[in-house]
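Okay, my_file.json is below, JSON, C-alpha atoms:
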[["chain", "number", "residue", "atom", "x", "y", "z"],
["A", 1, "MET", "CA", 3.66, 34.68, -84.44],
["A", 2, "LYS", "CA", 2.56, 31.12, -85.15],
["A", 3, "VAL", "CA", 0.69, 29.16, -82.49],
["A", 4, "THR", "CA", 3.34, 26.45, -82.68],
["A", 5, "LYS", "CA", 6.04, 29.07, -82.05],
["A", 6, "HIS", "CA", 4.14, 30.41, -79.03],
["A", 7, "ILE", "CA", 3.99, 26.86, -77.63],
["A", 8, "GLU", "CA", 7.69, 26.33, -78.32],
["A", 9, "LYS", "CA", 8.62, 29.61, -76.58],
["A", 10, "ALA", "CA", 6.54, 28.68, -73.52],
["A", 11, "LYS", "CA", 9.00, 25.82, -72.84],
["A", 12, "GLY", "CA", 6.45, 23.48, -71.30],
["A", 13, "ASN", "CA", 4.39, 26.11, -69.48],
["A", 14, "THR", "CA", 0.67, 25.96, -70.21],
["A", 15, "LEU", "CA", -0.62, 29.01, -72.09],
["A", 16, "PHE", "CA", -4.04, 30.68, -71.78],
["A", 17, "SER", "CA", -6.22, 31.45, -74.81],
["A", 18, "PHE", "CA", -9.86, 32.01, -75.55],
["A", 19, "GLU", "CA", -12.37, 32.35, -78.35],
["A", 20, "ILE", "CA", -14.73, 35.22, -79.05],
["A", 21, "ILE", "CA", -17.76, 35.74, -81.30],
["A", 22, "PRO", "CA", -18.06, 38.86, -83.49],
["A", 23, "PRO", "CA", -20.98, 41.13, -82.57],
["A", 24, "GLN", "CA", -24.16, 40.99, -84.61],
["A", 25, "LYS", "CA", -24.74, 43.60, -87.27],
["A", 26, "GLY", "CA", -25.71, 46.90, -85.70],
["A", 27, "LYS", "CA", -23.98, 46.15, -82.38],
["A", 28, "SER", "CA", -20.99, 48.06, -81.06],
["A", 29, "ILE", "CA", -17.55, 46.47, -80.86],
["A", 30, "GLN", "CA", -17.15, 48.11, -77.44],
["A", 31, "GLU", "CA", -19.09, 45.32, -75.73],
["A", 32, "LEU", "CA", -16.57, 42.87, -77.19],
["A", 33, "TYR", "CA", -13.67, 44.96, -75.88],
["A", 34, "ASP", "CA", -15.35, 45.12, -72.45],
["A", 35, "ASN", "CA", -15.29, 41.31, -72.32],
["A", 36, "ILE", "CA", -11.73, 40.99, -73.61],
["A", 37, "ASP", "CA", -10.26, 43.59, -71.24],
["A", 38, "PRO", "CA", -10.60, 41.52, -68.01],
["A", 39, "LEU", "CA", -8.85, 38.55, -69.64],
["A", 40, "MET", "CA", -5.75, 40.36, -70.86],
["A", 41, "GLU", "CA", -4.08, 40.14, -67.43],
["A", 42, "PHE", "CA", -3.54, 36.43, -68.14],
["A", 43, "ASN", "CA", -1.42, 37.26, -71.21],
["A", 44, "PRO", "CA", -3.16, 35.28, -73.95],
["A", 45, "PRO", "CA", -0.68, 34.84, -76.82],
["A", 46, "PHE", "CA", -3.58, 34.53, -79.26],
["A", 47, "ILE", "CA", -7.35, 34.96, -79.46],
["A", 48, "ASP", "CA", -9.63, 33.00, -81.79],
["A", 49, "VAL", "CA", -12.37, 34.83, -83.68],
["A", 50, "THR", "CA", -15.24, 32.71, -84.97],
["A", 51, "THR", "CA", -16.84, 33.01, -88.40],
["A", 52, "SER", "CA", -20.57, 32.52, -88.95],
["A", 53, "ARG", "CA", -21.86, 31.17, -92.20],
["A", 54, "GLU", "CA", -24.88, 32.56, -94.04],
["A", 55, "GLU", "CA", -28.40, 31.96, -92.81],
["A", 56, "PHE", "CA", -31.94, 32.64, -93.96],
["A", 57, "VAL", "CA", -34.17, 35.32, -92.44],
["A", 58, "TYR", "CA", -37.84, 35.81, -93.17],
["A", 59, "ILE", "CA", -39.15, 39.34, -93.75],
["A", 60, "ASP", "CA", -42.86, 40.02, -93.32],
["A", 61, "LYS", "CA", -44.24, 41.47, -96.55],
["A", 62, "GLY", "CA", -47.76, 41.80, -95.20],
["A", 63, "ASN", "CA", -50.88, 39.86, -96.15],
["A", 64, "GLY", "CA", -49.39, 36.78, -94.52],
["A", 65, "LEU", "CA", -46.49, 36.64, -97.00],
["A", 66, "LEU", "CA", -42.85, 36.18, -96.00],
["A", 67, "ASP", "CA", -39.82, 37.04, -98.08],
["A", 68, "LYS", "CA", -36.91, 34.62, -97.63],
["A", 69, "LYS", "CA", -33.53, 36.38, -97.67],
["A", 70, "LEU", "CA", -29.98, 35.10, -97.30],
["A", 71, "THR", "CA", -27.82, 37.11, -94.90],
["A", 72, "ARG", "CA", -24.89, 36.98, -92.49],
["A", 73, "MET", "CA", -25.81, 38.09, -88.98],
["A", 74, "ARG", "CA", -22.24, 38.25, -87.68],
["A", 75, "PRO", "CA", -19.99, 39.50, -90.48],
["A", 76, "GLY", "CA", -16.68, 41.22, -89.93],
["A", 77, "THR", "CA", -14.40, 38.44, -88.65],
["A", 78, "LEU", "CA", -11.35, 39.94, -90.36],
["A", 79, "GLY", "CA", -12.21, 43.43, -89.16],
["A", 80, "ILE", "CA", -12.52, 42.11, -85.59],
["A", 81, "CYS", "CA", -9.18, 40.29, -85.94],
["A", 82, "ALA", "CA", -7.47, 43.45, -87.16],
["A", 83, "SER", "CA", -9.05, 45.55, -84.40],
["A", 84, "ILE", "CA", -8.03, 43.17, -81.62],
["A", 85, "LYS", "CA", -4.53, 42.78, -83.04],
["A", 86, "HIS", "CA", -4.11, 46.56, -83.16],
["A", 87, "LYS", "CA", -5.71, 47.34, -79.78],
["A", 88, "TYR", "CA", -4.12, 44.58, -77.68],
["A", 89, "ASN", "CA", -1.00, 43.66, -79.68],
["A", 90, "VAL", "CA", -1.98, 40.00, -79.59],
["A", 91, "ASP", "CA", -2.18, 37.45, -82.39],
["A", 92, "THR", "CA", -5.66, 36.74, -83.69],
["A", 93, "ILE", "CA", -6.86, 33.57, -85.37],
["A", 94, "PRO", "CA", -9.79, 33.84, -87.79],
["A", 95, "HIS", "CA", -11.90, 30.76, -88.32],
["A", 96, "VAL", "CA", -12.06, 29.88, -92.02],
["A", 97, "LEU", "CA", -15.04, 27.76, -93.08],
["A", 98, "CYS", "CA", -15.90, 25.48, -95.95],
["A", 99, "GLY", "CA", -19.63, 26.09, -95.46],
["A", 100, "GLY", "CA", -20.95, 29.17, -97.23],
["A", 101, "PHE", "CA", -17.78, 30.01, -99.15],
["A", 102, "THR", "CA", -16.46, 29.16, -102.60],
["A", 103, "LYS", "CA", -12.81, 28.30, -103.01],
["A", 104, "GLU", "CA", -12.32, 31.68, -104.69],
["A", 105, "GLU", "CA", -13.89, 33.51, -101.74],
["A", 106, "THR", "CA", -11.67, 31.51, -99.41],
["A", 107, "GLU", "CA", -8.60, 32.46, -101.40],
["A", 108, "TYR", "CA", -9.51, 36.17, -101.24],
["A", 109, "LEU", "CA", -10.04, 35.84, -97.47],
["A", 110, "LEU", "CA", -6.65, 34.20, -97.02],
["A", 111, "VAL", "CA", -4.93, 36.87, -99.14],
["A", 112, "ASP", "CA", -6.51, 39.53, -96.90],
["A", 113, "CYS", "CA", -5.28, 37.64, -93.82],
["A", 114, "HIS", "CA", -1.77, 37.65, -95.28],
["A", 115, "TYR", "CA", -1.95, 41.40, -95.97],
["A", 116, "LEU", "CA", -3.02, 41.99, -92.35],
["A", 117, "GLY", "CA", -0.05, 40.05, -91.00],
["A", 118, "ILE", "CA", -2.20, 37.25, -89.60],
["A", 119, "ASP", "CA", -0.02, 34.17, -89.10],
["A", 120, "ASN", "CA", -2.62, 31.59, -88.04],
["A", 121, "VAL", "CA", -5.96, 30.36, -89.36],
["A", 122, "MET", "CA", -8.39, 27.75, -88.04],
["A", 123, "ALA", "CA", -9.65, 25.51, -90.86],
["A", 124, "LEU", "CA", -13.15, 24.16, -90.21],
["A", 125, "ARG", "CA", -15.85, 22.55, -92.29],
["A", 126, "GLY", "CA", -18.61, 24.40, -90.43],
["A", 127, "ASP", "CA", -22.15, 23.30, -89.67],
["A", 128, "ALA", "CA", -25.05, 22.57, -91.95],
["A", 129, "MET", "CA", -27.55, 25.37, -92.40],
["A", 130, "LYS", "CA", -30.62, 25.11, -90.17],
["A", 131, "GLU", "CA", -32.76, 24.20, -93.18],
["A", 132, "GLU", "CA", -30.41, 21.35, -94.17],
["A", 133, "LYS", "CA", -30.42, 17.87, -92.68],
["A", 134, "TYR", "CA", -26.84, 17.32, -93.81],
["A", 135, "PHE", "CA", -23.96, 19.65, -94.57],
["A", 136, "MET", "CA", -23.90, 20.84, -98.16],
["A", 137, "PRO", "CA", -20.94, 22.85, -99.45],
["A", 138, "LYS", "CA", -21.54, 25.96, -101.48],
["A", 139, "ASN", "CA", -21.30, 25.35, -105.20],
["A", 140, "GLY", "CA", -17.57, 25.63, -105.91],
["A", 141, "GLY", "CA", -16.65, 25.34, -102.24],
["A", 142, "ASN", "CA", -14.58, 22.86, -100.26],
["A", 143, "ASN", "CA", -16.42, 19.74, -99.12],
["A", 144, "TYR", "CA", -14.41, 18.91, -96.01],
["A", 145, "ALA", "CA", -11.93, 20.55, -93.66],
["A", 146, "VAL", "CA", -9.14, 18.42, -95.16],
["A", 147, "ASP", "CA", -9.83, 20.04, -98.55],
["A", 148, "LEU", "CA", -9.61, 23.47, -96.94],
["A", 149, "VAL", "CA", -6.31, 22.56, -95.28],
["A", 150, "LYS", "CA", -4.97, 21.49, -98.66],
["A", 151, "GLN", "CA", -6.03, 24.79, -100.23],
["A", 152, "ILE", "CA", -4.31, 26.79, -97.47],
["A", 153, "LYS", "CA", -1.19, 24.65, -97.78],
["A", 154, "ARG", "CA", -1.11, 25.17, -101.54],
["A", 155, "LEU", "CA", -1.36, 28.92, -101.03],
["A", 156, "ASN", "CA", 1.57, 28.71, -98.60],
["A", 157, "ASN", "CA", 3.49, 27.16, -101.47],
["A", 158, "GLY", "CA", 2.56, 30.04, -103.76],
["A", 159, "GLN", "CA", -0.09, 28.10, -105.69],
["A", 160, "TYR", "CA", -3.21, 30.16, -106.40],
["A", 161, "LEU", "CA", -6.40, 28.65, -107.78],
["A", 162, "HIS", "CA", -6.40, 29.93, -111.35],
["A", 163, "ASP", "CA", -3.77, 32.60, -111.80],
["A", 164, "LEU", "CA", -0.30, 31.75, -113.02],
["A", 165, "ILE", "CA", 1.73, 34.40, -111.25],
["A", 166, "ASP", "CA", 5.30, 34.86, -110.18],
["A", 167, "VAL", "CA", 5.08, 34.76, -106.37],
["A", 168, "ASP", "CA", 7.72, 36.61, -104.36],
["A", 169, "ASN", "CA", 5.76, 36.96, -101.08],
["A", 170, "LYS", "CA", 4.19, 33.67, -100.06],
["A", 171, "SER", "CA", 1.87, 33.25, -97.11],
["A", 172, "ASP", "CA", 3.05, 30.99, -94.32],
["A", 173, "PHE", "CA", -0.08, 30.27, -92.30],
["A", 174, "CYS", "CA", 0.03, 28.03, -89.27],
["A", 175, "ILE", "CA", -3.06, 25.87, -89.67],
["A", 176, "GLY", "CA", -5.29, 24.76, -86.81],
["A", 177, "VAL", "CA", -7.98, 22.10, -87.10],
["A", 178, "ALA", "CA", -10.68, 20.70, -84.83],
["A", 179, "GLY", "CA", -10.52, 17.44, -82.89],
["A", 180, "TYR", "CA", -13.36, 15.63, -81.16],
["A", 181, "PRO", "CA", -12.58, 13.64, -77.97],
["A", 182, "GLU", "CA", -16.08, 12.16, -78.10],
["A", 183, "LYS", "CA", -16.07, 11.99, -81.93],
["A", 184, "HIS", "CA", -17.77, 14.28, -84.42],
["A", 185, "LEU", "CA", -21.54, 13.92, -84.31],
["A", 186, "GLU", "CA", -21.57, 12.67, -87.93],
["A", 187, "SER", "CA", -18.76, 10.16, -87.51],
["A", 188, "PRO", "CA", -19.67, 6.47, -87.09],
["A", 189, "SER", "CA", -16.94, 5.90, -84.48],
["A", 190, "LEU", "CA", -14.10, 7.61, -82.65],
["A", 191, "GLN", "CA", -11.56, 5.53, -84.57],
["A", 192, "SER", "CA", -13.08, 6.63, -87.86],
["A", 193, "ASP", "CA", -13.00, 10.24, -86.67],
["A", 194, "LEU", "CA", -9.33, 9.91, -85.73],
["A", 195, "LYS", "CA", -8.59, 8.71, -89.26],
["A", 196, "ARG", "CA", -10.16, 11.91, -90.58],
["A", 197, "LEU", "CA", -8.03, 13.92, -88.14],
["A", 198, "LYS", "CA", -4.88, 12.16, -89.36],
["A", 199, "GLU", "CA", -5.83, 13.04, -92.94],
["A", 200, "LYS", "CA", -5.99, 16.72, -91.94],
["A", 201, "VAL", "CA", -2.60, 16.47, -90.27],
["A", 202, "GLU", "CA", -1.07, 14.77, -93.29],
["A", 203, "ALA", "CA", -2.58, 17.52, -95.48],
["A", 204, "GLY", "CA", -0.69, 20.15, -93.50],
["A", 205, "ALA", "CA", -2.44, 20.93, -90.18],
["A", 206, "ASP", "CA", -0.04, 22.23, -87.52],
["A", 207, "TYR", "CA", -2.11, 21.95, -84.34],
["A", 208, "VAL", "CA", -5.46, 20.70, -83.06],
["A", 209, "VAL", "CA", -8.01, 22.38, -80.79],
["A", 210, "THR", "CA", -10.58, 20.04, -79.31],
["A", 211, "GLN", "CA", -14.28, 20.48, -79.00],
["A", 212, "MET", "CA", -15.47, 21.06, -75.44],
["A", 213, "PHE", "CA", -15.54, 18.10, -73.06],
["A", 214, "PHE", "CA", -16.39, 17.79, -69.39],
["A", 215, "ASP", "CA", -14.57, 14.59, -68.51],
["A", 216, "ASN", "CA", -10.79, 14.91, -68.75],
["A", 217, "SER", "CA", -10.39, 11.18, -69.22],
["A", 218, "LYS", "CA", -12.04, 11.61, -72.64],
["A", 219, "TYR", "CA", -9.32, 14.10, -73.62],
["A", 220, "PHE", "CA", -6.46, 11.95, -72.30],
["A", 221, "GLU", "CA", -7.79, 8.87, -74.13],
["A", 222, "PHE", "CA", -8.23, 10.91, -77.30],
["A", 223, "VAL", "CA", -4.64, 12.16, -77.18],
["A", 224, "GLU", "CA", -3.33, 8.67, -76.45],
["A", 225, "LYS", "CA", -5.18, 7.20, -79.45],
["A", 226, "ALA", "CA", -4.11, 10.08, -81.67],
["A", 227, "ARG", "CA", -0.46, 9.58, -80.71],
["A", 228, "ALA", "CA", -0.78, 5.84, -81.37],
["A", 229, "MET", "CA", -1.92, 6.71, -84.92],
["A", 230, "GLY", "CA", 1.17, 8.84, -85.46],
["A", 231, "ILE", "CA", -0.42, 12.27, -84.85],
["A", 232, "THR", "CA", 2.36, 14.24, -83.15],
["A", 233, "ILE", "CA", 1.23, 17.89, -83.45],
["A", 234, "PRO", "CA", 0.00, 19.80, -80.35],
["A", 235, "ILE", "CA", -3.51, 18.91, -79.21],
["A", 236, "ILE", "CA", -5.03, 21.82, -77.31],
["A", 237, "PRO", "CA", -7.99, 21.09, -75.00],
["A", 238, "GLY", "CA", -11.07, 23.29, -75.39],
["A", 239, "ILE", "CA", -12.96, 24.12, -72.17],
["A", 240, "LYS", "CA", -16.51, 25.47, -71.87],
["A", 241, "PRO", "CA", -17.87, 26.25, -68.39],
["A", 242, "ILE", "CA", -21.53, 25.43, -67.79],
["A", 243, "ALA", "CA", -23.29, 28.76, -67.27],
["A", 244, "VAL", "CA", -27.02, 28.00, -67.18],
["A", 245, "LYS", "CA", -29.11, 24.97, -66.31],
["A", 246, "LYS", "CA", -30.37, 24.69, -69.87],
["A", 247, "HIS", "CA", -26.83, 23.77, -70.95],
["A", 248, "MET", "CA", -27.48, 20.27, -69.57],
["A", 249, "GLN", "CA", -29.90, 19.71, -72.46],
["A", 250, "LEU", "CA", -28.47, 21.99, -75.12],
["A", 251, "LEU", "CA", -24.79, 21.01, -75.09],
["A", 252, "PRO", "CA", -25.33, 17.24, -75.41],
["A", 253, "GLN", "CA", -27.93, 17.87, -78.10],
["A", 254, "ILE", "CA", -25.87, 20.29, -80.19],
["A", 255, "PHE", "CA", -22.35, 18.95, -79.63],
["A", 256, "ARG", "CA", -23.05, 15.29, -78.73],
["A", 257, "VAL", "CA", -20.98, 15.43, -75.55],
["A", 258, "ASP", "CA", -21.61, 13.55, -72.32],
["A", 259, "LEU", "CA", -21.83, 15.28, -68.95],
["A", 260, "PRO", "CA", -20.38, 13.40, -65.97],
["A", 261, "GLU", "CA", -22.94, 12.27, -63.40],
["A", 262, "ASP", "CA", -21.25, 14.28, -60.63],
["A", 263, "LEU", "CA", -21.64, 17.45, -62.67],
["A", 264, "ILE", "CA", -25.27, 16.68, -63.49],
["A", 265, "THR", "CA", -26.06, 16.02, -59.83],
["A", 266, "ALA", "CA", -24.38, 19.24, -58.71],
["A", 267, "ILE", "CA", -26.30, 21.31, -61.26],
["A", 268, "GLU", "CA", -29.62, 19.65, -60.44],
["A", 269, "LYS", "CA", -29.19, 20.66, -56.81],
["A", 270, "CYS", "CA", -28.82, 24.34, -57.74],
["A", 271, "THR", "CA", -31.75, 26.60, -56.88],
["A", 272, "SER", "CA", -30.60, 29.73, -58.71],
["A", 273, "PRO", "CA", -28.72, 30.76, -61.86],
["A", 274, "THR", "CA", -25.91, 32.08, -59.65],
["A", 275, "GLU", "CA", -25.43, 28.65, -58.10],
["A", 276, "VAL", "CA", -25.38, 26.99, -61.53],
["A", 277, "LYS", "CA", -22.73, 29.42, -62.74],
["A", 278, "ALA", "CA", -20.64, 28.77, -59.62],
["A", 279, "VAL", "CA", -20.81, 25.01, -60.20],
["A", 280, "GLY", "CA", -19.74, 25.49, -63.83],
["A", 281, "ILE", "CA", -16.81, 27.66, -62.81],
["A", 282, "GLU", "CA", -15.60, 25.27, -60.12],
["A", 283, "TRP", "CA", -15.88, 22.26, -62.46],
["A", 284, "ALA", "CA", -13.89, 24.07, -65.15],
["A", 285, "ILE", "CA", -11.26, 25.09, -62.57],
["A", 286, "GLN", "CA", -10.74, 21.47, -61.51],
["A", 287, "GLN", "CA", -10.64, 20.37, -65.15],
["A", 288, "SER", "CA", -8.08, 23.06, -65.94],
["A", 289, "LEU", "CA", -5.85, 22.31, -62.96],
["A", 290, "GLU", "CA", -5.68, 18.63, -63.86],
["A", 291, "LEU", "CA", -4.99, 19.38, -67.52],
["A", 292, "LYS", "CA", -2.34, 21.95, -66.63],
["A", 293, "LYS", "CA", -0.65, 19.47, -64.27],
["A", 294, "ALA", "CA", -0.60, 16.99, -67.16],
["A", 295, "GLY", "CA", 1.35, 19.55, -69.20],
["A", 296, "VAL", "CA", -1.12, 20.50, -71.92],
["A", 297, "PRO", "CA", 0.36, 23.18, -74.20],
["A", 298, "VAL", "CA", -2.59, 25.57, -73.99],
["A", 299, "LEU", "CA", -5.90, 25.81, -72.15],
["A", 300, "HIS", "CA", -8.37, 27.23, -74.65],
["A", 301, "TYR", "CA", -11.68, 28.59, -73.34],
["A", 302, "TYR", "CA", -14.92, 28.99, -75.24],
["A", 303, "SER", "CA", -16.10, 32.31, -73.83],
["A", 304, "MET", "CA", -19.19, 32.75, -76.06],
["A", 305, "GLY", "CA", -18.62, 36.50, -75.73],
["A", 306, "LYS", "CA", -18.80, 36.57, -71.91],
["A", 307, "SER", "CA", -15.70, 36.91, -69.78],
["A", 308, "GLU", "CA", -16.56, 36.94, -66.07],
["A", 309, "ASN", "CA", -16.68, 33.16, -65.59],
["A", 310, "ILE", "CA", -13.54, 32.72, -67.72],
["A", 311, "ARG", "CA", -11.76, 35.37, -65.65],
["A", 312, "GLN", "CA", -12.61, 33.55, -62.40],
["A", 313, "ILE", "CA", -11.36, 30.26, -63.83],
["A", 314, "ALA", "CA", -8.13, 31.79, -65.16],
["A", 315, "LYS", "CA", -7.55, 33.55, -61.81],
["A", 316, "ALA", "CA", -7.55, 30.19, -60.05],
["A", 317, "VAL", "CA", -5.44, 28.39, -62.65],
["A", 318, "PHE", "CA", -2.82, 30.83, -64.00]]

Represent the supplied structure as structure tokens.
Amino acid sequence: MKVTKHIEKAKGNTLFSFEIIPPQKGKSIQELYDNIDPLMEFNPPFIDVTTSREEFVYIDKGNGLLDKKLTRMRPGTLGICASIKHKYNVDTIPHVLCGGFTKEETEYLLVDCHYLGIDNVMALRGDAMKEEKYFMPKNGGNNYAVDLVKQIKRLNNGQYLHDLIDVDNKSDFCIGVAGYPEKHLESPSLQSDLKRLKEKVEAGADYVVTQMFFDNSKYFEFVEKARAMGITIPIIPGIKPIAVKKHMQLLPQIFRVDLPEDLITAIEKCTSPTEVKAVGIEWAIQQSLELKKAGVPVLHYYSMGKSENIRQIAKAVF
């Protein structure tokens, strides 16, 4: 079922969803199941499954020489989606990236999604590779998320890239895109970033999931400005609980988000990892309760493959 249909059926009640990361090559899927199991009591209508782009690894050849190889450390997004859908009878949403994929590879991926009965996809540009200062699309790939949205929309209309075929079974993907309450790190301003978001909506996006934020006022202001620009589709807040003290440096650096002073002070007072985790959980609970009271359609949690803190938050909120 489409995300938009799930929201419609909820009739104003806030839904619970979360995002998982596929295991690395050589790891068992059971660990993933073990982290999903405790969250199923909160009846998530859908679960997001991230996609990782290619990366370089360096293999020691001896004599001080290294061999540079291109690989994917977390393949199998579609397999994970199919497994979760089968095991839990819940909709899964694969993340589809511009980075690392040609348009042809994207089309094949989308056709496979259609065959698997997947109704939703999350269209993202993706990050630059670690060796790149700026994002560079793969030769023959989509440059921006808006281009990816257009490709998915064309496929929904039965338009394939090169083949002239008589289509009698079109895809009908519900398309999610990312939104940034504190603007994308590469955008010169929030207003400029909102213009890019509107372009994605006009291209065919059906709903928005925001990047993590820790100050709800940033989300409310973002939604207000988006609505003023004529963006009317659902805007789902993304929540990430602080789990370790190092997050105070890493999250602002990687995602360009601000942490409220009250949260910083509370974390700085912690004398153990357990205390830090408890602060992160309580902060996310208060965030979630306020957002739920405001009537957000879904509370979407970035679990990063761990479920215990998400379970405690959901227990207090749902």

Which of A:Val244, A:Gly158, A:Gln253, A:Lys225 sits closest to Glu268 of chain A [using all atoms listed in the file]: A:Val244

Atomic separation - atom CA of Asp112 of chain A relative to atom CA of Gly126 of chain A, Å: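 Pair atom CA of Gly126 of chain A / atom CA of Asp112 of chain A returns 20.4 Å.
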
Atomic separation - atom CA of Pro234 of chain A relative to atom CA of Tyr301 of chain A, Å: 16.2 Å

Interatomic distance, atom CA of Ser288 of chain A to atom CA of Phe42 of chain A (Å, one decimal):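 Between atom CA of Ser288 of chain A and atom CA of Phe42 of chain A the gap is 14.3 Å.
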
Shortest interatomic distance to Glu54 of chain A - which of A:Glu199, A:Glu8, A:Asp127, A:Glu261, counting only C-alpha atoms: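 Checking each of A:Glu199, A:Glu8, A:Asp127, A:Glu261 against Glu54 of chain A, counting only C-alpha atoms, the winner is A:Asp127.
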
A:Lys269, A:Lys25, A:Arg125, A:His247 ranked by distance to Thr77 of chain A, top pick (using only C-alpha atoms): A:Lys25

Contact residues around Arg256 of chain A with all atoms listed in the file at 12 Å, ignoring same-chain residues under 6 positions, as a PyMOL selection string: chain A and resi 180-187+211-214+248-250

Sphere at (-0.2, 16.5, -68.6), radius 12 Å, counting all atoms listed in the file: residues as a VMD selection string: chain A and resid 12 to 14 216 to 217 219 to 220 223 to 224 235 to 237 287 to 299

Minimum-distance residue to Tyr302 of chain A, chosen among A:Asp48, A:Asp206, A:Asp258, A:Asp34 (using all atoms listed in the file):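 Checking each of A:Asp48, A:Asp206, A:Asp258, A:Asp34 against Tyr302 of chain A, counting all atoms listed in the file, the winner is A:Asp48.
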
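Of the listed residues (A:Asp215, A:Glu221, A:Lys306, A:Asn142), A:Asp215 comes nearest to Leu263 of chain A; the distances count all atoms listed in the file.
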
Produce a table with one row for each residue of segment 202-300 of chain A that has an atom at most 7 Å from any atom of segment 307-316 of chain A, each row naming the nearest atom pair and its distance in Å at one decimal; use all atoms listed in the file; arrange rows by chain and rising residue number; format as CSV.
residue,atom,partner,partner_atom,distance
A:Ile281,CA,A:Ile313,CA,6.1
A:Ala284,CA,A:Ile313,CA,6.8
A:Ile285,CA,A:Ile313,CA,5.3

Nearest candidate to Ile175 of chain A (options A:Asn120, A:Asn143, A:Gln191, A:Asn35; using only C-alpha atoms): A:Asn120
